Structure formats: structure tokens, C-alpha cells
$ cat coords_30.txt   # compact mmCIF, C-alpha atoms
# COMPACT_ATOMS: atom_id res chain seq x y z
CA MET M 1110 -31.08 -27.58 29.30
CA CYS M 1111 -31.78 -27.89 25.61
CA ALA M 1112 -28.99 -28.94 23.24
CA VAL M 1113 -27.69 -26.23 20.95
CA LYS M 1114 -28.10 -27.38 17.36
CA GLU M 1115 -25.55 -25.90 15.02
CA SER M 1116 -26.89 -24.64 11.76
CA GLU M 1117 -26.02 -26.81 8.76
CA VAL M 1118 -25.41 -23.77 6.57
CA ALA M 1119 -22.85 -22.31 8.95
CA LYS M 1120 -20.77 -25.46 8.71
CA GLN M 1121 -20.78 -25.74 4.95
CA GLU M 1122 -17.40 -25.28 3.31
CA TRP M 1123 -18.16 -23.00 0.39
CA TRP M 1124 -14.49 -22.82 -0.62
CA ARG M 1125 -14.35 -26.58 -1.28
CA TRP M 1126 -13.29 -27.66 -4.80
CA THR M 1127 -12.66 -31.10 -6.23
CA GLU M 1128 -9.21 -32.52 -5.56
CA SER M 1129 -7.82 -34.56 -8.43
CA ASN M 1130 -5.00 -36.83 -9.49
CA TRP M 1131 -4.04 -38.09 -12.91
CA CYS M 1132 -1.53 -40.31 -14.69
CA ASN M 1133 -0.55 -40.47 -18.36
CA PRO M 1134 -1.02 -44.13 -19.37
CA ASP M 1135 1.19 -43.66 -22.46
CA ILE M 1136 4.33 -43.00 -20.42
CA ASP M 1137 6.17 -45.88 -18.76
CA TRP M 1138 8.31 -44.69 -15.85
CA ARG M 1139 10.47 -47.83 -16.24
CA ASP M 1140 11.88 -46.45 -19.51
CA ALA M 1141 12.73 -43.02 -18.08
CA GLU M 1142 16.32 -42.04 -17.40
CA TYR M 1143 15.31 -39.43 -14.81
CA VAL M 1144 12.11 -39.34 -12.78
CA THR M 1145 11.81 -35.94 -11.13
CA VAL M 1146 9.18 -34.55 -8.81
CA GLY M 1147 7.99 -30.99 -8.21
CA ILE M 1148 6.00 -30.14 -5.11
CA ASP M 1149 4.23 -26.77 -4.98
CA VAL M 1150 2.97 -26.05 -1.47
CA GLY M 1151 0.85 -22.96 -1.87
CA SER M 1152 -1.18 -21.03 0.65
CA VAL M 1153 -4.43 -22.67 -0.44
CA SER M 1154 -3.57 -25.71 -2.55
CA SER M 1155 -0.66 -28.13 -2.91
CA GLN M 1156 0.35 -29.98 -6.04
CA ALA M 1157 2.80 -32.76 -6.77
CA VAL M 1158 3.91 -33.37 -10.36
CA ILE M 1159 5.96 -36.38 -11.42
CA ALA M 1160 7.92 -35.95 -14.63
CA ALA M 1161 9.61 -38.70 -16.62
CA ASP M 1162 12.45 -37.32 -18.77
CA GLY M 1163 10.88 -33.86 -18.88
CA GLU M 1164 7.31 -34.96 -19.66
CA VAL M 1165 4.55 -34.69 -17.08
CA PHE M 1166 3.68 -38.25 -16.15
CA ALA M 1167 1.37 -37.84 -13.16
CA PHE M 1168 0.05 -35.19 -10.81
CA GLY M 1169 -1.95 -34.77 -7.63
CA ASN M 1170 -3.74 -31.55 -6.68
CA MET M 1171 -5.21 -31.04 -3.23
CA ARG M 1172 -5.92 -28.53 -0.52
CA THR M 1173 -3.05 -27.36 1.74
CA GLY M 1174 -3.66 -28.01 5.39
CA SER M 1175 -2.25 -25.93 8.21
CA ASP M 1176 0.77 -28.23 8.28
CA SER M 1177 3.12 -27.74 5.31
CA PRO M 1178 5.25 -30.92 5.62
CA ASN M 1179 2.09 -33.04 5.71
CA SER M 1180 0.55 -31.18 2.76
CA ALA M 1181 3.62 -31.93 0.68
CA ARG M 1182 3.57 -35.59 1.69
CA ASN M 1183 -0.19 -35.91 1.04
CA ALA M 1184 0.09 -34.31 -2.40
CA LEU M 1185 2.93 -36.66 -3.37
CA ASN M 1186 1.06 -39.73 -2.09
CA PHE M 1187 -2.03 -38.60 -4.01
CA ALA M 1188 -0.02 -38.32 -7.25
CA LEU M 1189 1.69 -41.69 -6.63
CA GLU M 1190 -1.74 -43.30 -6.07
CA ALA M 1191 -2.56 -42.60 -9.70
CA THR M 1192 0.54 -44.54 -10.82
CA ASP M 1193 2.10 -47.94 -10.17
CA MET M 1194 5.49 -46.36 -9.50
CA PRO M 1195 7.28 -46.89 -6.16
CA GLU M 1196 8.35 -43.71 -4.41
CA ASP M 1197 12.03 -44.67 -4.33
CA ARG M 1198 12.19 -44.50 -8.13
CA MET M 1199 12.23 -40.70 -7.72
CA ASP M 1200 15.65 -39.28 -8.68
CA TYR M 1201 15.27 -35.70 -7.63
CA CYS M 1202 12.63 -33.62 -5.90
CA ILE M 1203 12.19 -29.85 -5.89
CA GLY M 1204 9.94 -27.86 -3.58
CA THR M 1205 8.36 -24.55 -4.57
CA GLY M 1206 5.65 -22.15 -3.39
CA TYR M 1207 5.09 -20.56 0.02
CA GLY M 1208 5.84 -23.77 1.86
CA ARG M 1209 8.89 -24.71 -0.25
CA VAL M 1210 11.30 -24.79 2.67
CA ASN M 1211 8.92 -27.15 4.47
CA VAL M 1212 9.06 -30.04 2.02
CA PRO M 1213 11.07 -32.54 4.10
CA PHE M 1214 11.90 -34.92 1.25
CA ALA M 1215 12.90 -32.25 -1.29
CA ASP M 1216 16.51 -32.11 -2.49
CA ARG M 1217 16.31 -28.35 -3.00
CA SER M 1218 13.84 -25.48 -3.42
CA ILE M 1219 13.27 -22.99 -6.24
CA THR M 1220 11.09 -19.87 -6.13
CA GLU M 1221 7.60 -20.11 -7.57
CA ILE M 1222 8.40 -17.28 -10.01
CA ALA M 1223 10.89 -19.42 -11.91
CA CYS M 1224 8.69 -22.51 -11.63
CA HIS M 1225 5.52 -20.84 -12.90
CA ALA M 1226 7.26 -19.47 -15.98
CA ARG M 1227 8.75 -22.86 -16.74
CA GLY M 1228 5.47 -24.65 -16.04
CA ALA M 1229 3.42 -22.25 -18.19
CA ASN M 1230 5.93 -22.78 -20.99
CA TYR M 1231 5.16 -26.48 -20.76
CA ILE M 1232 1.38 -26.49 -20.27
CA TYR M 1233 0.60 -23.64 -22.69
CA GLY M 1234 3.49 -24.05 -25.13
CA PRO M 1235 6.61 -22.00 -25.95
CA GLU M 1236 4.65 -19.03 -27.43
CA VAL M 1237 3.82 -17.82 -23.90
CA ARG M 1238 5.48 -14.48 -23.12
CA THR M 1239 3.34 -13.18 -20.25
CA VAL M 1240 2.26 -15.44 -17.43
CA LEU M 1241 -0.22 -14.21 -14.89
CA ASP M 1242 -0.42 -16.44 -11.85
CA VAL M 1243 -3.35 -15.70 -9.58
CA GLY M 1244 -2.86 -17.95 -6.63
CA GLY M 1245 -4.45 -18.30 -3.24
CA GLN M 1246 -2.63 -15.43 -1.67
CA ASP M 1247 -0.65 -13.46 -4.23
CA ILE M 1248 -0.56 -12.33 -7.82
CA LYS M 1249 2.52 -12.78 -10.00
CA ALA M 1250 3.01 -11.14 -13.36
CA ILE M 1251 5.90 -12.81 -15.18
CA GLN M 1252 7.38 -12.31 -18.61
CA CYS M 1253 9.45 -15.10 -20.08
CA ASP M 1254 11.27 -16.14 -23.23
CA GLU M 1255 10.62 -19.13 -25.49
CA ARG M 1256 12.49 -21.45 -23.12
CA GLY M 1257 10.42 -20.40 -20.13
CA LYS M 1258 13.25 -18.33 -18.62
CA VAL M 1259 11.99 -15.33 -16.64
CA THR M 1260 12.81 -11.95 -18.21
CA ASN M 1261 10.75 -9.69 -15.96
CA PHE M 1262 8.66 -10.38 -12.91
CA LEU M 1263 6.49 -8.60 -10.45
CA MET M 1264 4.77 -10.05 -7.44
CA ASN M 1265 2.47 -8.54 -4.89
CA ASP M 1266 3.09 -10.52 -1.77
CA LYS M 1267 1.85 -7.99 0.70
CA CYS M 1268 -1.82 -7.97 0.00
CA ALA M 1269 -4.52 -10.56 -0.75
CA ALA M 1270 -6.79 -8.23 -2.75
CA GLY M 1271 -7.55 -9.80 -6.11
CA THR M 1272 -6.49 -13.32 -5.10
CA GLY M 1273 -8.18 -16.65 -4.56
CA ARG M 1274 -8.34 -16.02 -0.83
CA GLY M 1275 -10.48 -12.94 -1.45
CA MET M 1276 -12.81 -15.01 -3.62
CA GLU M 1277 -13.14 -17.57 -0.81
CA VAL M 1278 -14.15 -14.79 1.56
CA PHE M 1279 -16.88 -13.76 -0.88
CA ALA M 1280 -18.09 -17.31 -1.56
CA ASP M 1281 -18.43 -17.70 2.19
CA LEU M 1282 -20.16 -14.34 2.66
CA LEU M 1283 -22.68 -15.08 -0.08
CA GLY M 1284 -23.08 -18.79 0.68
CA LEU M 1285 -22.19 -20.01 -2.80
CA PRO M 1286 -19.82 -22.83 -3.81
CA ILE M 1287 -16.55 -21.34 -5.08
CA THR M 1288 -16.77 -23.37 -8.29
CA GLU M 1289 -20.05 -21.64 -9.22
CA VAL M 1290 -19.25 -18.00 -8.49
CA GLY M 1291 -17.90 -17.36 -12.01
CA ASP M 1292 -21.07 -18.35 -13.82
CA ARG M 1293 -23.37 -16.83 -11.21
CA SER M 1294 -21.65 -13.45 -11.50
CA PHE M 1295 -22.99 -13.14 -15.05
CA GLN M 1296 -26.61 -13.62 -13.99
CA VAL M 1297 -27.20 -9.87 -13.72
CA ASP M 1298 -29.21 -7.56 -15.97
CA LYS M 1299 -26.66 -4.79 -15.80
CA GLU M 1300 -23.03 -4.85 -14.74
CA PRO M 1301 -22.81 -3.08 -11.35
CA GLU M 1302 -20.08 -0.68 -10.21
CA PRO M 1303 -17.09 -2.53 -8.71
CA VAL M 1304 -16.57 -2.64 -4.95
CA SER M 1305 -13.31 -1.50 -3.33
CA SER M 1306 -10.40 -3.08 -5.20
CA THR M 1307 -7.68 -2.25 -2.72
CA CYS M 1308 -8.57 -4.51 0.18
CA VAL M 1309 -10.54 -7.72 0.76
CA VAL M 1310 -11.67 -6.57 4.19
CA TYR M 1311 -12.99 -3.25 2.87
CA ALA M 1312 -14.60 -5.03 -0.07
CA LYS M 1313 -16.34 -7.46 2.26
CA SER M 1314 -17.80 -4.74 4.48
CA GLU M 1315 -18.84 -2.81 1.39
CA ALA M 1316 -20.54 -5.91 -0.01
CA THR M 1317 -22.35 -6.54 3.28
CA GLY M 1318 -23.73 -3.00 3.02
CA LEU M 1319 -24.88 -3.63 -0.55
CA LEU M 1320 -26.68 -6.83 0.47
CA ARG M 1321 -28.52 -4.88 3.17
CA LYS M 1322 -29.48 -2.34 0.55
CA GLY M 1323 -31.22 -5.10 -1.38
CA TRP M 1324 -28.62 -6.10 -3.98
CA THR M 1325 -28.86 -9.72 -5.15
CA THR M 1326 -25.97 -12.10 -4.45
CA GLU M 1327 -25.31 -12.18 -8.20
CA GLN M 1328 -24.98 -8.40 -8.33
CA VAL M 1329 -22.57 -8.40 -5.40
CA LEU M 1330 -20.55 -11.17 -7.04
CA ALA M 1331 -20.41 -9.26 -10.29
CA ALA M 1332 -19.23 -6.15 -8.42
CA TYR M 1333 -16.51 -8.15 -6.69
CA CYS M 1334 -15.38 -10.01 -9.81
CA ARG M 1335 -15.11 -6.65 -11.58
CA ALA M 1336 -13.06 -5.23 -8.69
CA MET M 1337 -10.74 -8.23 -8.80
CA ALA M 1338 -10.26 -7.92 -12.54
CA GLU M 1339 -9.36 -4.24 -12.11
CA ARG M 1340 -7.02 -5.02 -9.25
CA ILE M 1341 -5.22 -7.72 -11.24
CA TYR M 1342 -5.01 -5.48 -14.28
CA SER M 1343 -3.49 -2.59 -12.30
CA LEU M 1344 -0.65 -4.93 -11.35
CA ILE M 1345 0.06 -6.45 -14.75
CA GLU M 1346 -0.19 -3.03 -16.38
CA ARG M 1347 3.07 -1.98 -14.66
CA ASN M 1348 5.21 -4.31 -16.72
CA GLY M 1349 3.03 -4.37 -19.81
CA VAL M 1350 1.56 -7.43 -21.46
CA VAL M 1351 3.40 -9.12 -24.32
CA PRO M 1352 1.38 -11.73 -26.26
CA ALA M 1353 0.80 -14.62 -25.97
CA PHE M 1354 -0.89 -14.25 -22.60
CA ALA M 1355 -1.57 -17.17 -20.28
CA VAL M 1356 -3.08 -17.47 -16.82
CA THR M 1357 -2.06 -20.08 -14.26
CA GLY M 1358 -3.35 -20.86 -10.79
CA GLY M 1359 -6.84 -21.57 -9.54
CA MET M 1360 -8.26 -18.22 -10.60
CA ALA M 1361 -7.81 -19.17 -14.27
CA LYS M 1362 -10.86 -21.37 -13.69
CA ASN M 1363 -13.02 -18.46 -12.57
CA ARG M 1364 -14.80 -17.10 -15.62
CA GLY M 1365 -16.31 -14.26 -13.58
CA VAL M 1366 -12.92 -12.64 -13.11
CA MET M 1367 -11.18 -13.81 -16.30
CA ASP M 1368 -13.93 -12.71 -18.72
CA ARG M 1369 -13.89 -9.30 -17.09
CA LEU M 1370 -10.08 -9.08 -17.10
CA MET M 1371 -9.43 -9.96 -20.74
CA PRO M 1372 -11.20 -6.90 -22.27
CA LEU M 1373 -8.99 -4.71 -20.02
CA VAL M 1374 -5.87 -6.51 -21.23
CA GLY M 1375 -7.12 -6.38 -24.82
CA LEU M 1376 -5.90 -9.89 -25.67
CA GLU M 1377 -7.27 -13.41 -25.74
CA ARG M 1378 -5.93 -15.72 -23.09
CA MET M 1379 -4.47 -19.02 -24.17
CA THR M 1380 -6.27 -22.27 -23.49
CA THR M 1381 -4.83 -25.57 -22.34
CA LYS M 1382 -5.94 -29.12 -21.71
CA TRP M 1383 -3.95 -29.15 -18.48
CA ASP M 1384 -5.15 -28.19 -15.02
CA THR M 1385 -3.88 -24.60 -14.61
CA MET M 1386 -3.19 -25.22 -10.93
CA ILE M 1387 -0.28 -27.59 -11.59
CA ALA M 1388 1.91 -25.03 -13.42
CA GLY M 1389 4.22 -24.33 -10.47
CA ALA M 1390 4.77 -27.98 -9.58
CA ALA M 1391 5.23 -28.91 -13.24
CA GLY M 1392 7.89 -26.19 -13.55
CA ALA M 1393 9.66 -27.52 -10.47
CA ALA M 1394 9.66 -31.08 -11.83
CA LEU M 1395 11.02 -29.84 -15.18
CA PHE M 1396 13.78 -27.87 -13.42
CA GLY M 1397 14.64 -31.10 -11.65
CA ASP M 1398 15.02 -32.79 -15.01
CA ALA M 1399 17.16 -29.91 -16.36
CA LEU M 1400 19.40 -29.96 -13.28
CA CYS M 1401 19.81 -33.75 -13.53
CA LYS M 1402 20.80 -33.44 -17.19
CA LYS M 1403 23.28 -30.71 -16.28
CA GLY M 1404 24.82 -33.12 -13.80
CA LYS M 1405 23.84 -30.84 -10.91
CA GLY M 1406 20.90 -32.86 -9.81
CA ARG M 1407 21.34 -36.53 -9.26
CA LYS M 1408 21.46 -37.69 -5.69
CA LYS M 1409 24.39 -39.82 -4.45
CA MET V 913 15.89 -10.41 -16.02
CA LEU V 914 14.16 -7.42 -14.46
CA ALA V 915 13.48 -8.51 -10.91
CA ASN V 916 10.87 -6.23 -9.31
CA TYR V 917 10.82 -6.54 -5.56
CA GLY V 918 8.21 -4.78 -3.49
CA TYR V 919 4.49 -4.23 -3.57
CA LYS V 920 1.60 -2.06 -4.55
CA ASP V 921 -0.92 -0.92 -1.99
CA ALA V 922 -3.60 1.75 -1.69
CA SER V 923 -0.95 4.48 -1.21
CA GLY V 924 1.14 3.68 -4.27
CA ASP V 925 3.73 1.44 -5.93
CA TYR V 926 6.94 0.62 -4.08
CA PHE V 927 9.24 -1.48 -6.20
CA ILE V 928 13.02 -1.78 -6.44
CA THR V 929 14.07 -3.24 -9.77
CA ILE V 930 17.33 -5.11 -10.22
CA ASP V 931 18.40 -5.84 -13.78
CA THR V 932 20.07 -9.21 -13.28
CA ASP V 933 21.58 -9.14 -16.77
CA LYS V 934 23.65 -6.13 -15.65
CA CYS V 935 24.25 -7.16 -12.03
CA ASP V 936 27.47 -9.13 -11.51
CA GLY V 937 26.95 -9.69 -7.80
CA CYS V 938 29.81 -7.35 -6.76
CA GLY V 939 28.00 -6.35 -3.57
CA ASP V 940 28.79 -2.60 -3.70
CA CYS V 941 25.13 -1.86 -2.93
CA ILE V 942 25.22 -3.66 0.43
CA PRO V 943 27.39 -1.38 2.64
CA VAL V 944 26.03 1.91 1.24
CA CYS V 945 22.43 1.17 2.23
CA PRO V 946 21.73 2.45 5.78
CA VAL V 947 19.13 -0.27 6.39
CA GLN V 948 20.65 -3.27 4.52
CA VAL V 949 17.95 -3.60 1.90
CA PHE V 950 20.25 -5.54 -0.44
CA ALA V 951 21.92 -8.92 -0.20
CA VAL V 952 24.03 -10.93 -2.64
CA VAL V 953 23.27 -14.61 -3.14
CA ASP V 954 25.42 -17.19 -4.95
CA GLU V 955 22.56 -18.37 -7.08
CA ASP V 956 19.71 -16.33 -8.54
CA PRO V 957 16.59 -17.64 -6.77
CA ASN V 958 14.49 -16.86 -9.84
CA ASP V 959 16.88 -18.36 -12.37
CA PRO V 960 18.23 -21.64 -11.00
CA LEU V 961 20.18 -22.40 -14.16
CA ARG V 962 22.35 -19.27 -13.81
CA ASP V 963 25.64 -19.82 -12.00
CA GLU V 964 26.89 -16.29 -11.17
CA PRO V 965 26.08 -14.47 -7.90
CA VAL V 966 23.43 -11.75 -8.01
CA ALA V 967 22.01 -8.99 -5.78
CA ILE V 968 18.49 -9.33 -4.40
CA VAL V 969 16.29 -7.30 -2.09
CA ALA V 970 16.39 -9.03 1.28
CA GLU V 971 13.26 -11.04 1.95
CA ASP V 972 12.43 -9.30 5.22
CA LYS V 973 12.51 -5.86 3.54
CA ARG V 974 10.28 -6.55 0.56
CA LYS V 975 6.99 -5.92 2.31
CA LYS V 976 8.04 -2.58 3.86
CA LEU V 977 10.16 -0.80 1.28
CA LYS V 978 8.12 2.38 1.61
CA TYR V 979 9.28 2.68 5.21
CA GLU V 980 12.75 1.15 4.92
CA CYS V 981 13.77 3.51 2.10
CA SER V 982 12.20 6.62 3.60
CA PRO V 983 15.43 7.91 5.28
CA CYS V 984 16.98 8.31 1.78
CA LYS V 985 13.80 9.86 0.36
CA PRO V 986 13.02 13.05 2.28
CA PRO V 987 10.16 15.16 0.84
CA SER V 988 12.53 17.98 -0.08
CA ASN V 989 16.27 18.32 -0.89
CA ARG V 990 16.48 14.72 -1.94
CA LEU V 991 20.04 13.61 -2.68
CA PRO V 992 20.83 10.88 -5.22
CA LEU V 993 20.07 7.47 -3.73
CA PRO V 994 23.26 5.79 -2.41
CA CYS V 995 22.34 2.37 -3.82
CA ILE V 996 21.86 3.74 -7.32
CA GLU V 997 25.08 5.77 -7.07
CA ALA V 998 27.08 2.79 -5.83
CA CYS V 999 25.99 0.46 -8.61
CA LYS V 1000 28.57 0.79 -11.40
CA ALA V 1001 26.56 -1.53 -13.64
CA GLU V 1002 23.47 0.73 -13.29
CA ALA V 1003 21.38 -2.28 -12.45
CA ILE V 1004 19.25 -0.74 -9.66
CA SER V 1005 16.19 1.49 -10.03
CA HIS V 1006 13.32 2.59 -7.78
CA SER V 1007 9.70 3.04 -8.86
CA TRP V 1008 8.92 5.92 -6.46
$ encode --input "coords_30.txt" --output "C-alpha cells"
Amino acid sequence: MCAVKESEVAKQEWWRWTESNWCNPDIDWRDAEYVTVGIDVGSVSSQAVIAADGEVFAFGNMRTGSDSPNSARNALNFALEATDMPEDRMDYCIGTGYGRVNVPFADRSITEIACHARGANYIYGPEVRTVLDVGGQDIKAIQCDERGKVTNFLMNDKCAAGTGRGMEVFADLLGLPITEVGDRSFQVDKEPEPVSSTCVVYAKSEATGLLRKGWTTEQVLAAYCRAMAERIYSLIERNGVVPAFAVTGGMAKNRGVMDRLMPLVGLERMTTKWDTMIAGAAGAALFGDALCKKGKGRKK
Amino acid sequence: MLANYGYKDASGDYFITIDTDKCDGCGDCIPVCPVQVFAVVDEDPNDPLRDEPVAIVAEDKRKKLKYECSPCKPPSNRLPLPCIEACKAEAISHSW
């Protein structure tokens, strides 16, 4: 019997993106009164942010596995690797995101709504009034004040249309690395009509039909990016958009969707030197610092 | 804070909004709802620095509000919603 040779292409992980960790060399954790940690275990990625007296000192950003407690632990270890700080220096730890109740070493959990507003306030600055978080599996539209306190929020947690997960499905369908889909979606002569914006599964079967009709992968990508932008806009439209407008989460890195969304919103989106994926964990770490200073935080 | 709980799908928008600046966590909305959509928690999950109790939409109801609320929303002869009537602070509203 001949051995079955699996195709290389079938095994390729098109959704793969670069995991990263970072440490600010200008901050010495030894001088900090409170070292707080925020762990954001999302549906697709997990982040750990270490803050020293309310300033982000280090972070780790990696993919969530199927096991939430391990994802939290791996993300924290990854962030600690970038530093020379021992883990027991940590005063307080807050979990957030989908897997927030599954962070075994967290002292408490806070919803990702509160954490994203707080984190966006830090990474984009206090002018932020509308935060759009496009994560792996949901979209959150949040309005906040100058302190990063939520004033209005809306979340669609029932449906993955318009989220990172949908983009992974398309990267996989078209056989393109997820980090390239944004640029590739602009390699079209004419912007095509969007595919179904209500459901990833419908959009995928529609796209398969278009490919059979002879559309190029770039055209299909453009049609999907357009559908995602419209889907995201239909959600944020409900609560209105107050400037300044900032986007957090992995989708902020996808130009294909963002450059199609911003003309619908009619505003520029803010830019930041920070990785947009750490907003939730940064917010959690900063809440830890605020709770410690209020005397509600410190362990023992 | 305007806390919008619910979802949007292909058939429409189904959100219950609780104005947490008006809500004092009295809990009058809980017994009047025939399907226990509301709950009161000691700490606002979306505002950890607030100390007063507040009403929320129960987590297991958020993804099916269209169906959970349907007994109070018949197509004709619709009476005022009991949750909205019970809330003296006028903190509750429905999007549909």
C-alpha cells in the first residue's frame, strides 16, 4: 500500500501572526510602589501587561490555545521573559476577556469593556471618546470620558460576522497569510460589491461561488473587507461616533478593513506607537494600580 | 453609563439599555419580569471603581433577548412593558 502524503498547503496555518514581547528599559521595577499585571485571555489571542505605578513596563502577546489557564500562564511567562523581574514581585493581578474567570493566579476579574476603555485611554491618550474594539470573536463599541471611564457601550457577542475570526476563515479559504490580506485587498482595479455582511458562513459560501465564477483572490478579499467594514459600521452607528476615534484589537492592523471603514465613519482614526492588541490587558493592569491606590487591591 | 445588553443579527437589533447613572440597584425590575432577565450585582462589572449596586441583564439572557422578551411583546395589543413600568428611576429602555 502506498503512503498517503499530506499536502503541504493544507497544513499551512494562514492565520499565524508574529507573537511578541517587549520591556521598557527606562522603567526600573525595583523603584515601583505597585507592580500590577493585567491578563487578557481572548478568543484568539492572549496578552499579559505588567505595569509599574500605572505605566506599562512590559507586555507579552501570543495566541490563545484551547486551554485558558495555560494561555494565561504562557502569556505572563512570555512578558516576564522580556524583563529581569521575578514573578513574586507582582502585587496584584487582574484577568479580563473571554477567559477571565480562567486565570488561576488572578486576584479578581474585570469585564473587557471597562478594560478596553481604560487601555485605549492609555495607549491613545485622554482625547479618546469612542473606542472600537474588533477582537477575535466580537465587536465592542465603547464611549468613554477623559479618564477612560465608560459612558456608553455596545457589544455584539452573539455573532462573529465582522470579527477577526471571520478574517481567519477568509485567509484560510484564499490561502493567504492573515498579515497580508489588508494590502492584497487593495490590488484590484475596481472595488467589487461586498459579500453578505450578516454571517461569516454565508459570506464564505458566497465567496466560494465568486471564486468559481473566476474572481481573483484579491477581488474576493476586497469584497469581504468591504462587507466587514459595513458590518462594523452598522454596529457603531447605533451609538454614534464622538471624536476622537480609536480602534483596538488585532483588526486595527488590517488596513483592508480599516481604510474602508473610516470613510463610512467620516473621521480619521488615531494612531499609536503601541501594539493595539494589548489595550485590554493594559487597562486591566491600570485598574489593578487604581485599586491598589484606593486600598482595595493589595494582597495580604 | 448607558449599558446596552443584547445583540444585532440579520433580523434586527435587540438591545436593553440600562442607564447606570439613574439605576440605584433597588431591584424592582427583578420580580416583575416573567423570565428573570434582570439581576442586581453589588459592583458594576463595567465600572469597577463604582461602589453602589446596579442592575444588569443576566448573562444567560443576553444572546436571546428577542425570544426571552417576546411574551411581553405580542404583535398587537401590546401593554406597557413591566420592567419599564417598575423602574421608578426610568433607567430601562428597549430598542425594539
$ residues_near_point --input "coords_30.txt" --point "(8.9, -4.2, 1.9)" --cutoff "12 Å" --atoms "all atoms listed in the file" --output "PyMOL selection string"
(chain M and resi 1264-1268) or (chain V and resi 916-921+925-928+947+949-950+969-982)
$ write_last_selection --input "coords_30.txt" --atoms "C-alpha atoms" --output "PDB file, in the frame of the given file"
ATOM      1  CA  MET M1264       4.770 -10.050  -7.440  1.00  0.00           C
ATOM      2  CA  ASN M1265       2.470  -8.540  -4.890  1.00  0.00           C
ATOM      3  CA  ASP M1266       3.090 -10.520  -1.770  1.00  0.00           C
ATOM      4  CA  LYS M1267       1.850  -7.990   0.700  1.00  0.00           C
ATOM      5  CA  CYS M1268      -1.820  -7.970   0.000  1.00  0.00           C
TER       6      CYS M1268
ATOM      7  CA  ASN V 916      10.870  -6.230  -9.310  1.00  0.00           C
ATOM      8  CA  TYR V 917      10.820  -6.540  -5.560  1.00  0.00           C
ATOM      9  CA  GLY V 918       8.210  -4.780  -3.490  1.00  0.00           C
ATOM     10  CA  TYR V 919       4.490  -4.230  -3.570  1.00  0.00           C
ATOM     11  CA  LYS V 920       1.600  -2.060  -4.550  1.00  0.00           C
ATOM     12  CA  ASP V 921      -0.920  -0.920  -1.990  1.00  0.00           C
ATOM     13  CA  ASP V 925       3.730   1.440  -5.930  1.00  0.00           C
ATOM     14  CA  TYR V 926       6.940   0.620  -4.080  1.00  0.00           C
ATOM     15  CA  PHE V 927       9.240  -1.480  -6.200  1.00  0.00           C
ATOM     16  CA  ILE V 928      13.020  -1.780  -6.440  1.00  0.00           C
ATOM     17  CA  VAL V 947      19.130  -0.270   6.390  1.00  0.00           C
ATOM     18  CA  VAL V 949      17.950  -3.600   1.900  1.00  0.00           C
ATOM     19  CA  PHE V 950      20.250  -5.540  -0.440  1.00  0.00           C
ATOM     20  CA  VAL V 969      16.290  -7.300  -2.090  1.00  0.00           C
ATOM     21  CA  ALA V 970      16.390  -9.030   1.280  1.00  0.00           C
ATOM     22  CA  GLU V 971      13.260 -11.040   1.950  1.00  0.00           C
ATOM     23  CA  ASP V 972      12.430  -9.300   5.220  1.00  0.00           C
ATOM     24  CA  LYS V 973      12.510  -5.860   3.540  1.00  0.00           C
ATOM     25  CA  ARG V 974      10.280  -6.550   0.560  1.00  0.00           C
ATOM     26  CA  LYS V 975       6.990  -5.920   2.310  1.00  0.00           C
ATOM     27  CA  LYS V 976       8.040  -2.580   3.860  1.00  0.00           C
ATOM     28  CA  LEU V 977      10.160  -0.800   1.280  1.00  0.00           C
ATOM     29  CA  LYS V 978       8.120   2.380   1.610  1.00  0.00           C
ATOM     30  CA  TYR V 979       9.280   2.680   5.210  1.00  0.00           C
ATOM     31  CA  GLU V 980      12.750   1.150   4.920  1.00  0.00           C
ATOM     32  CA  CYS V 981      13.770   3.510   2.100  1.00  0.00           C
ATOM     33  CA  SER V 982      12.200   6.620   3.600  1.00  0.00           C
TER      34      SER V 982
END
$ atom_distance --input "coords_30.txt" --atom1 "atom CA of Val1150 of chain M" --atom2 "atom CA of Gly1204 of chain M"
7.5 Å
$ closest_atom_pairs --input "coords_30.txt" --of "chain M" --to "chain V" --cutoff "6 Å" --atoms "all atoms listed in the file" --output "CSV"
residue,atom,partner,partner_atom,distance
M:Thr1220,CA,V:Asn958,CA,5.9
M:Ala1223,CA,V:Asn958,CA,4.9
M:Thr1260,CA,V:Met913,CA,4.1
M:Asn1261,CA,V:Leu914,CA,4.4
M:Phe1262,CA,V:Ala915,CA,5.5
M:Leu1263,CA,V:Asn916,CA,5.1
M:Asn1265,CA,V:Tyr919,CA,4.9
M:Lys1267,CA,V:Lys975,CA,5.8
M:Thr1307,CA,V:Ala922,CA,5.8
$ atom_distance --input "coords_30.txt" --atom1 "atom CA of Cys1132 of chain M" --atom2 "atom CA of Thr1205 of chain M"
21.2 Å
$ residues_around --input "coords_30.txt" --residues "Gly937 of chain V" --least-positions-apart "4" --cutoff "8 Å" --atoms "all atoms listed in the file" --output "MDAnalysis selection string"
chainID V and resid 952:953 964:967
$ residues_around --input "coords_30.txt" --residues "segment 1206-1208 of chain M" --least-positions-apart "3" --cutoff "10 Å" --atoms "all atoms listed in the file" --output "CSV table (one decimal) with C-alpha atoms, in the frame of the given file"
chain,number,residue,atom,x,y,z
M,1148,ILE,CA,6.0,-30.1,-5.1
M,1149,ASP,CA,4.2,-26.8,-5.0
M,1150,VAL,CA,3.0,-26.0,-1.5
M,1151,GLY,CA,0.8,-23.0,-1.9
M,1152,SER,CA,-1.2,-21.0,0.6
M,1153,VAL,CA,-4.4,-22.7,-0.4
M,1154,SER,CA,-3.6,-25.7,-2.6
M,1155,SER,CA,-0.7,-28.1,-2.9
M,1156,GLN,CA,0.4,-30.0,-6.0
M,1173,THR,CA,-3.0,-27.4,1.7
M,1176,ASP,CA,0.8,-28.2,8.3
M,1177,SER,CA,3.1,-27.7,5.3
M,1178,PRO,CA,5.2,-30.9,5.6
M,1180,SER,CA,0.6,-31.2,2.8
M,1181,ALA,CA,3.6,-31.9,0.7
M,1211,ASN,CA,8.9,-27.2,4.5
M,1212,VAL,CA,9.1,-30.0,2.0
M,1218,SER,CA,13.8,-25.5,-3.4
M,1219,ILE,CA,13.3,-23.0,-6.2
M,1220,THR,CA,11.1,-19.9,-6.1
M,1221,GLU,CA,7.6,-20.1,-7.6
M,1222,ILE,CA,8.4,-17.3,-10.0
M,1224,CYS,CA,8.7,-22.5,-11.6
M,1225,HIS,CA,5.5,-20.8,-12.9
M,1246,GLN,CA,-2.6,-15.4,-1.7
M,1389,GLY,CA,4.2,-24.3,-10.5
M,1390,ALA,CA,4.8,-28.0,-9.6
M,1393,ALA,CA,9.7,-27.5,-10.5
$ closest_residue --input "coords_30.txt" --among "V:Gly939, V:Leu991, V:Glu997, V:Lys934" --to "Ala951 of chain V" --atoms "only C-alpha atoms"
V:Gly939
$ atom_distance --input "coords_30.txt" --atom1 "atom CA of Ile1341 of chain M" --atom2 "atom CA of Met1371 of chain M"
10.6 Å
